[in-house]
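Take a look at the structure set out below.
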Amino acid sequence: MTTPCLALATATTVCAASTAMNAAPARAPSTVRGHNLSANQPTRGYGYGAVGPRGRGRGGDVTALRVQTTRRSPMHRLSESSRTVVTRASPGGSEASSSWTPSRRDLANGVFFAVSIPLWKAVLHDLGYLHGEEDEPAELPVAPPGSGYRTATFAGGCFWCMEKPFDIIDGVIATTSGYTGGDQANPTYHGVGAGGTGHRESVQILFDPSKVSYETLLGVYWRQVDPTTADGMFLDSGLQYSSAIFPDGPDQRRAAEESLNTLEVAHRYPAPITTKVIDFTTFWPAEKYHQNYYATTSMRYGFYRGLSGRDEFIQSVWGPEAVYGGGAKL
């Protein structure tokens with residue numbers, strides 16, 4: 001996924017929520033003992049709630065400022081927004097103390113800020129300003145000796161969206177997000193996202209061919225992508241997000257080409273298919289925090305996937321049951 005787009009979308013959501021929370025109707029002037037305070041007009045009185053230019057109070061002269069306030073409703077009389085600053089002059093003329101009463105809006109803003117910290121942290125992380133252990137490459141699952149397990153490697157745009165459709169299939173042992181197709185060794189998320197590495201965001205599937213065939217995995221793959229765009233995928237643009245199949249061996253290449261030809265003859269898609277079939281070379285696992293992203297960071301994943309338009313396209317071509325791999329036969 002294009003990092004600036006995702007970061008901007010997340011930041012926009014947070015800012016919009018903050019703006020909505022702070023929205024309030026126009027305030028009516030408040031009064032204390034019959035005096036209008038909207039223009040900071042002075043009144044006389046004593047004690048904490050009294051204000052005046054030279055009001056007398058215990059401990060010396062008192063100067064106070066009461067900020068314009070409003071009642072939200074008769075039922076919330078005790079919770080109306082108010083801020084009062086009281087300054088007591090000591091005998092030497094210096095300020096001795098001050099007091100501030102937080103309003104309900106202040107408390108709501110504080111809660112919102114605390115809740116949004118993880119979102120802002122994720123934005124900074126995606127932009128490359130934060131680095132930690134989770135930024136190290138993930139370990140690639142290895143087939144046990146004699147298991148007969150094989151791998152299938154597909155590029156279908158944002159690899160966040162390509163794991164779950166295969167994870168839910170019986171016979172799939174593991175899925176790993178990563179990069180393949182380019183010549184650069186040890187690629188990183190930010191390097192691939194910036195373009196120029198020749199790599200595509202991809203997913204590698206470790207599967208048991210005695211339970212699920214490569215042809216079935218191809219059927220799932222075609223139901224997750226828009227193969228008609230050569231320079232990106234849905235929300236993301238660039239070769240690094242374009243579709244490709246990386247067969248491991250002549251049998252997989254033959255199956256991939258046959259499935260592609262079947263779709264072209266059927267005119268399944270609204271435009272010609274541009275998906276490349278490229279012999280597999282090396283798969284580089286992506287950073288740890290990208291693995292199983294749909295499960296570990298479900299809120300951001302759901303927001304991104306909904307914003308991308310992927311599901312709408314899949315349903316327009318294959319029907320609602322095709323989302324997340326349903327109806328895998330071509």
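Chain identifiers are assigned as A, B, and so on, following the order in which chains appear in the structure tokens; residues are numbered from 1 within each chain, and ligands are numbered from 1 in order of appearance.
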
**Request:** Compile the contact shell of A:Arg223 as a PyMOL selection string: residues with an atom at most 12 Å away, counting only C-alpha atoms, same-chain residues fewer than 3 positions apart removed.
**Result:** chain A and resi 156+161-162+165-166+216-220+226-227+263+268-269+310-330

Can you tell me which residues surround stretch 136-151 of chain A at a distance of at most 6 Å, considering only C-alpha atoms, apart from same-chain residues fewer than 4 positions away, and format the answer as a CSV table (one decimal) with C-alpha atoms, in the first residue's frame?
chain,number,residue,atom,x,y,z
A,205,ILE,CA,1.8,-19.7,0.4
A,206,LEU,CA,3.1,-22.9,1.9
A,207,PHE,CA,0.5,-25.6,1.1
A,208,ASP,CA,-0.1,-29.3,1.2
A,285,PRO,CA,10.0,-12.0,3.7
A,286,ALA,CA,8.7,-8.6,4.7
A,287,GLU,CA,9.1,-7.0,8.1
A,288,LYS,CA,7.5,-8.8,11.1

**Message:** Would you compute the distance between atom CA of A:Asp236 and atom CA of A:Trp120? Give it in Å to one decimal.
**Reply:** 21.3 Å

Just list as a PDB file with C-alpha atoms, in the first residue's frame whatever in stretch 153-220 of chain A DSSP marks as helix (DSSP H, G or I).
ATOM      1  CA  PHE A 159       0.089  -7.814   0.641  1.00  0.00           C
ATOM      2  CA  TRP A 160      -1.996  -7.012   3.732  1.00  0.00           C
ATOM      3  CA  CYS A 161      -5.047  -7.952   1.666  1.00  0.00           C
ATOM      4  CA  MET A 162      -3.601 -11.148   0.193  1.00  0.00           C
ATOM      5  CA  LYS A 164      -6.460 -13.928   4.702  1.00  0.00           C
ATOM      6  CA  PRO A 165      -8.033 -15.299   1.483  1.00  0.00           C
ATOM      7  CA  PHE A 166      -5.453 -18.106   1.519  1.00  0.00           C
ATOM      8  CA  ASP A 167      -5.168 -18.568   5.279  1.00  0.00           C
ATOM      9  CA  TYR A 189       9.035  -1.945   2.838  1.00  0.00           C
ATOM     10  CA  HIS A 190       9.984   1.686   2.310  1.00  0.00           C
ATOM     11  CA  GLY A 191      12.466   0.855  -0.454  1.00  0.00           C
ATOM     12  CA  VAL A 192       9.976  -1.257  -2.393  1.00  0.00           C
ATOM     13  CA  GLY A 193       7.189   1.260  -1.801  1.00  0.00           C
ATOM     14  CA  ALA A 194       9.331   4.049  -3.239  1.00  0.00           C
ATOM     15  CA  TYR A 214      -2.219 -25.249  -7.067  1.00  0.00           C
ATOM     16  CA  GLU A 215      -5.108 -24.740  -9.486  1.00  0.00           C
ATOM     17  CA  THR A 216      -7.423 -24.019  -6.545  1.00  0.00           C
ATOM     18  CA  LEU A 217      -4.965 -21.441  -5.215  1.00  0.00           C
ATOM     19  CA  LEU A 218      -4.929 -19.826  -8.668  1.00  0.00           C
ATOM     20  CA  GLY A 219      -8.716 -19.611  -8.515  1.00  0.00           C
ATOM     21  CA  VAL A 220      -8.509 -17.811  -5.184  1.00  0.00           C
TER      22      VAL A 220
END

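In this comparison, which uses only C-alpha atoms, the residue of A:Asp170, A:Thr229, A:Pro102, A:Tyr289 approaching A:Pro270 most closely is A:Thr229.
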
**Asked** Do you know which residues are at most 9 Å from stretch 242-256 of chain A counting only C-alpha atoms, after dropping those on the same chain fewer than 6 positions away, and could you put them as a ChimeraX atom specification?
**Response** /A:150-157,180-181,200-202,214-215,218,225-233,236,274-281

Write the residues you've just listed into a file as a short mmCIF file (atom, residue, chain, number, x, y, z; two decimals), in the first residue's frame, and include N, CA, C and O atoms for each of them.
data_model
loop_
_atom_site.label_atom_id
_atom_site.label_comp_id
_atom_site.auth_asym_id
_atom_site.auth_seq_id
_atom_site.Cartn_x
_atom_site.Cartn_y
_atom_site.Cartn_z
N ARG A 150 4.56 -27.65 -0.84
CA ARG A 150 5.10 -26.80 -1.90
C ARG A 150 4.73 -25.35 -1.62
O ARG A 150 3.95 -25.06 -0.71
N THR A 151 5.28 -24.46 -2.43
CA THR A 151 4.99 -23.03 -2.26
C THR A 151 4.36 -22.48 -3.53
O THR A 151 4.62 -22.96 -4.65
N ALA A 152 3.52 -21.48 -3.35
CA ALA A 152 2.94 -20.72 -4.45
C ALA A 152 3.16 -19.25 -4.13
O ALA A 152 2.96 -18.82 -2.99
N THR A 153 3.57 -18.48 -5.12
CA THR A 153 3.89 -17.07 -4.88
C THR A 153 3.10 -16.20 -5.84
O THR A 153 3.15 -16.40 -7.07
N PHE A 154 2.37 -15.23 -5.28
CA PHE A 154 1.52 -14.34 -6.07
C PHE A 154 1.76 -12.90 -5.66
O PHE A 154 1.95 -12.60 -4.47
N ALA A 155 1.69 -11.99 -6.63
CA ALA A 155 1.67 -10.55 -6.37
C ALA A 155 0.29 -10.04 -6.71
O ALA A 155 -0.19 -10.22 -7.83
N GLY A 156 -0.35 -9.39 -5.75
CA GLY A 156 -1.71 -8.91 -5.97
C GLY A 156 -1.97 -7.57 -5.32
O GLY A 156 -3.02 -7.34 -4.74
N GLY A 157 -0.98 -6.67 -5.43
CA GLY A 157 -1.13 -5.38 -4.78
C GLY A 157 -0.76 -5.47 -3.31
O GLY A 157 0.13 -6.24 -2.93
N THR A 180 9.26 -9.91 -4.14
CA THR A 180 9.91 -10.78 -5.12
C THR A 180 9.82 -10.14 -6.50
O THR A 180 9.03 -9.22 -6.74
N GLY A 181 10.65 -10.65 -7.42
CA GLY A 181 10.62 -10.18 -8.80
C GLY A 181 11.74 -9.23 -9.17
O GLY A 181 11.99 -8.99 -10.35
N ARG A 200 7.92 -6.63 -6.35
CA ARG A 200 6.50 -6.42 -6.11
C ARG A 200 6.15 -6.90 -4.71
O ARG A 200 6.74 -7.87 -4.22
N GLU A 201 5.19 -6.22 -4.09
CA GLU A 201 4.64 -6.76 -2.83
C GLU A 201 3.94 -8.07 -3.19
O GLU A 201 3.11 -8.11 -4.11
N SER A 202 4.28 -9.14 -2.46
CA SER A 202 3.79 -10.47 -2.80
C SER A 202 3.43 -11.25 -1.55
O SER A 202 3.72 -10.84 -0.43
N TYR A 214 -2.72 -26.55 -6.61
CA TYR A 214 -2.22 -25.25 -7.07
C TYR A 214 -3.28 -24.55 -7.91
O TYR A 214 -3.43 -23.33 -7.86
N GLU A 215 -4.04 -25.32 -8.67
CA GLU A 215 -5.11 -24.74 -9.49
C GLU A 215 -6.17 -24.06 -8.62
O GLU A 215 -6.71 -23.01 -9.00
N LEU A 218 -4.81 -20.78 -7.56
CA LEU A 218 -4.93 -19.83 -8.67
C LEU A 218 -6.34 -19.24 -8.73
O LEU A 218 -6.52 -18.04 -8.97
N VAL A 225 -7.80 -9.91 -7.10
CA VAL A 225 -7.03 -8.86 -7.77
C VAL A 225 -7.81 -8.23 -8.92
O VAL A 225 -8.81 -8.79 -9.40
N ASP A 226 -7.32 -7.07 -9.35
CA ASP A 226 -7.75 -6.47 -10.60
C ASP A 226 -6.58 -6.64 -11.57
O ASP A 226 -5.61 -5.88 -11.54
N PRO A 227 -6.63 -7.66 -12.44
CA PRO A 227 -5.50 -7.96 -13.32
C PRO A 227 -5.44 -7.09 -14.57
O PRO A 227 -4.63 -7.34 -15.46
N THR A 228 -6.29 -6.07 -14.64
CA THR A 228 -6.35 -5.25 -15.84
C THR A 228 -5.51 -3.99 -15.75
O THR A 228 -5.44 -3.23 -16.71
N THR A 229 -4.88 -3.73 -14.60
CA THR A 229 -4.06 -2.54 -14.44
C THR A 229 -2.59 -2.95 -14.35
O THR A 229 -2.21 -3.76 -13.50
N ALA A 230 -1.77 -2.39 -15.22
CA ALA A 230 -0.35 -2.77 -15.27
C ALA A 230 0.53 -1.92 -14.36
O ALA A 230 1.69 -2.25 -14.16
N ASP A 231 -0.02 -0.84 -13.82
CA ASP A 231 0.82 0.08 -13.05
C ASP A 231 0.32 0.28 -11.63
O ASP A 231 0.51 1.33 -11.03
N GLY A 232 -0.33 -0.73 -11.07
CA GLY A 232 -0.78 -0.60 -9.69
C GLY A 232 -1.92 -1.54 -9.40
O GLY A 232 -2.23 -2.45 -10.18
N MET A 233 -2.55 -1.29 -8.25
CA MET A 233 -3.67 -2.13 -7.84
C MET A 233 -4.56 -1.33 -6.90
O MET A 233 -4.15 -0.96 -5.80
N ASP A 236 -3.33 1.77 -4.74
CA ASP A 236 -1.89 1.95 -4.83
C ASP A 236 -1.40 1.94 -6.28
O ASP A 236 -1.89 1.16 -7.09
N THR A 274 -3.48 -7.94 -17.79
CA THR A 274 -2.08 -7.51 -17.91
C THR A 274 -1.17 -8.26 -16.94
O THR A 274 0.02 -7.96 -16.86
N THR A 275 -1.70 -9.22 -16.21
CA THR A 275 -0.92 -9.96 -15.22
C THR A 275 0.24 -10.70 -15.89
O THR A 275 0.06 -11.37 -16.91
N LYS A 276 1.42 -10.58 -15.29
CA LYS A 276 2.61 -11.24 -15.82
C LYS A 276 2.80 -12.61 -15.15
O LYS A 276 2.48 -12.80 -13.98
N VAL A 277 3.31 -13.57 -15.92
CA VAL A 277 3.73 -14.86 -15.38
C VAL A 277 5.25 -14.89 -15.46
O VAL A 277 5.83 -14.93 -16.56
N ILE A 278 5.91 -14.82 -14.31
CA ILE A 278 7.36 -14.66 -14.22
C ILE A 278 7.93 -15.82 -13.40
O ILE A 278 7.46 -16.09 -12.29
N ASP A 279 8.95 -16.47 -13.94
CA ASP A 279 9.56 -17.58 -13.20
C ASP A 279 10.05 -17.11 -11.83
O ASP A 279 10.68 -16.05 -11.70
N PHE A 280 9.78 -17.93 -10.83
CA PHE A 280 10.16 -17.60 -9.46
C PHE A 280 11.67 -17.67 -9.29
O PHE A 280 12.33 -18.58 -9.80
N THR A 281 12.23 -16.71 -8.55
CA THR A 281 13.66 -16.73 -8.22
C THR A 281 13.86 -16.73 -6.70
O THR A 281 14.15 -17.77 -6.11
#

**Message:** I need the residues in stretch 103-246 of chain A that are strand (DSSP E) according to DSSP; give them as number ranges by chain.
**Reply:** A: 150-156, 172-180, 200-207, 232-233, 236-237, 243-246
